[in-house]
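Notes follow once the structure below has been shown.
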Amino acid sequence: MTNEYIICAAIWYKELPTQTFLPKNLDKGVVVCGHRHGHCIDIMKTLGQLRSVVKGPDSVGDYEQGFLSNKGKFYDRFESMRLAIDAGQVEYDKLYNPRIGLFSEDLY
């Protein structure tokens, strides 16, 4: 059991102007957090009038779905799965899919 664990879903919008408060392991962009990834997408659409797609006049550009940890770090779906397994939040034999990674539904 590790002392770092997943706390919520997050999306890292890599090409948007950098915000002041970023996760410790990122140096650019904007990170939006929510209970599930759909909530993050809705927040971005509501506040920024932008769609979570890579191309188009109202797109956010490059982005990555992942999770935030209690240590203030952003992890992609695959790193998050490993962390959640190590933290005892999910069981390896029941949920792990190396092609997909972690989903918020796996946690809560």
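Ordering of the structure tokens sets the chain letters (A, B, ...); residue numbers start at 1 within each chain; ligands are numbered from 1 in the order shown.
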Next item on the list: Would you list, as an MDAnalysis selection string, the residues of stretch 24-76 of chain A that end up in alpha helix (DSSP H) under DSSP run on this structure's backbone?
Entry: chainID A and resid 37:48
Compile a residue-level contact table for stretch 65-89 of chain A against stretch 31-43 of chain A at a cut-off of 10 Å, reporting for every qualifying residue the shortest atom pair and its distance in Å to one decimal, with only C-alpha atoms counted, rows ordered by chain and ascending number, as CSV.
```
residue,atom,partner,partner_atom,distance
A:Gln65,CA,A:His37,CA,7.2
A:Gly66,CA,A:His37,CA,8.3
A:Phe67,CA,A:Cys33,CA,8.0
A:Leu68,CA,A:Cys33,CA,7.8
A:Phe74,CA,A:Val31,CA,8.5
```
Those residues you just picked out, can you put them in a file as an mmCIF file, in the first residue's frame with C-alpha atoms?
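Below you can see out_10.cif, which holds the result:
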```cif
data_model
loop_
_atom_site.group_PDB
_atom_site.id
_atom_site.type_symbol
_atom_site.label_atom_id
_atom_site.label_comp_id
_atom_site.auth_asym_id
_atom_site.auth_seq_id
_atom_site.Cartn_x
_atom_site.Cartn_y
_atom_site.Cartn_z
ATOM 1 C CA GLN A 65 -7.635 12.299 -19.905
ATOM 2 C CA GLY A 66 -6.238 11.110 -16.599
ATOM 3 C CA PHE A 67 -6.513 11.567 -12.855
ATOM 4 C CA LEU A 68 -5.127 13.677 -10.010
ATOM 5 C CA PHE A 74 -1.544 14.415 -12.861
#
```
Checklist line | Nearest to A:Val30 by atom-to-atom distance, counting only C-alpha atoms, from A:Glu4, A:Val60, A:Thr46, A:Leu102 | finding: A:Val60
Next item on the list: Return the single residue from A:Leu47, A:Ile100, A:Leu16, A:Ala87 that is closest to A:Asp62, with distances computed using only C-alpha atoms.
Entry: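 Of A:Leu47, A:Ile100, A:Leu16, A:Ala87, the one nearest A:Asp62, counting only C-alpha atoms, is A:Leu16.
When only C-alpha atoms are used to compute distances to A:Asp76, the closest of the residues A:Gly48, A:Gly101, A:Gly61, A:Gly88 turns out to be A:Gly101.
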Next item on the list: List the neighbours of A:Gly72 out to 7 Å using only C-alpha atoms; skip same-chain residues closer than 3 positions along the sequence, and give me the result as a VMD selection string.
Entry: chain A and resid 23 to 24 68 to 69
Kindly export the residues of the current selection with N, CA and C atoms, as a compact mmCIF listing (two decimals), in the first residue's frame.
```txt
# COMPACT_ATOMS: atom_id res chain seq x y z
N PRO A 23 -0.80 20.97 -11.60
CA PRO A 23 -0.23 19.84 -10.86
C PRO A 23 1.29 19.92 -10.86
N LYS A 24 1.91 19.41 -9.83
CA LYS A 24 3.35 19.53 -9.62
C LYS A 24 4.19 19.00 -10.77
N LEU A 68 -6.00 12.98 -10.96
CA LEU A 68 -5.13 13.68 -10.01
C LEU A 68 -4.94 12.80 -8.79
N SER A 69 -3.74 12.89 -8.21
CA SER A 69 -3.46 12.14 -6.98
C SER A 69 -3.53 13.09 -5.78
```
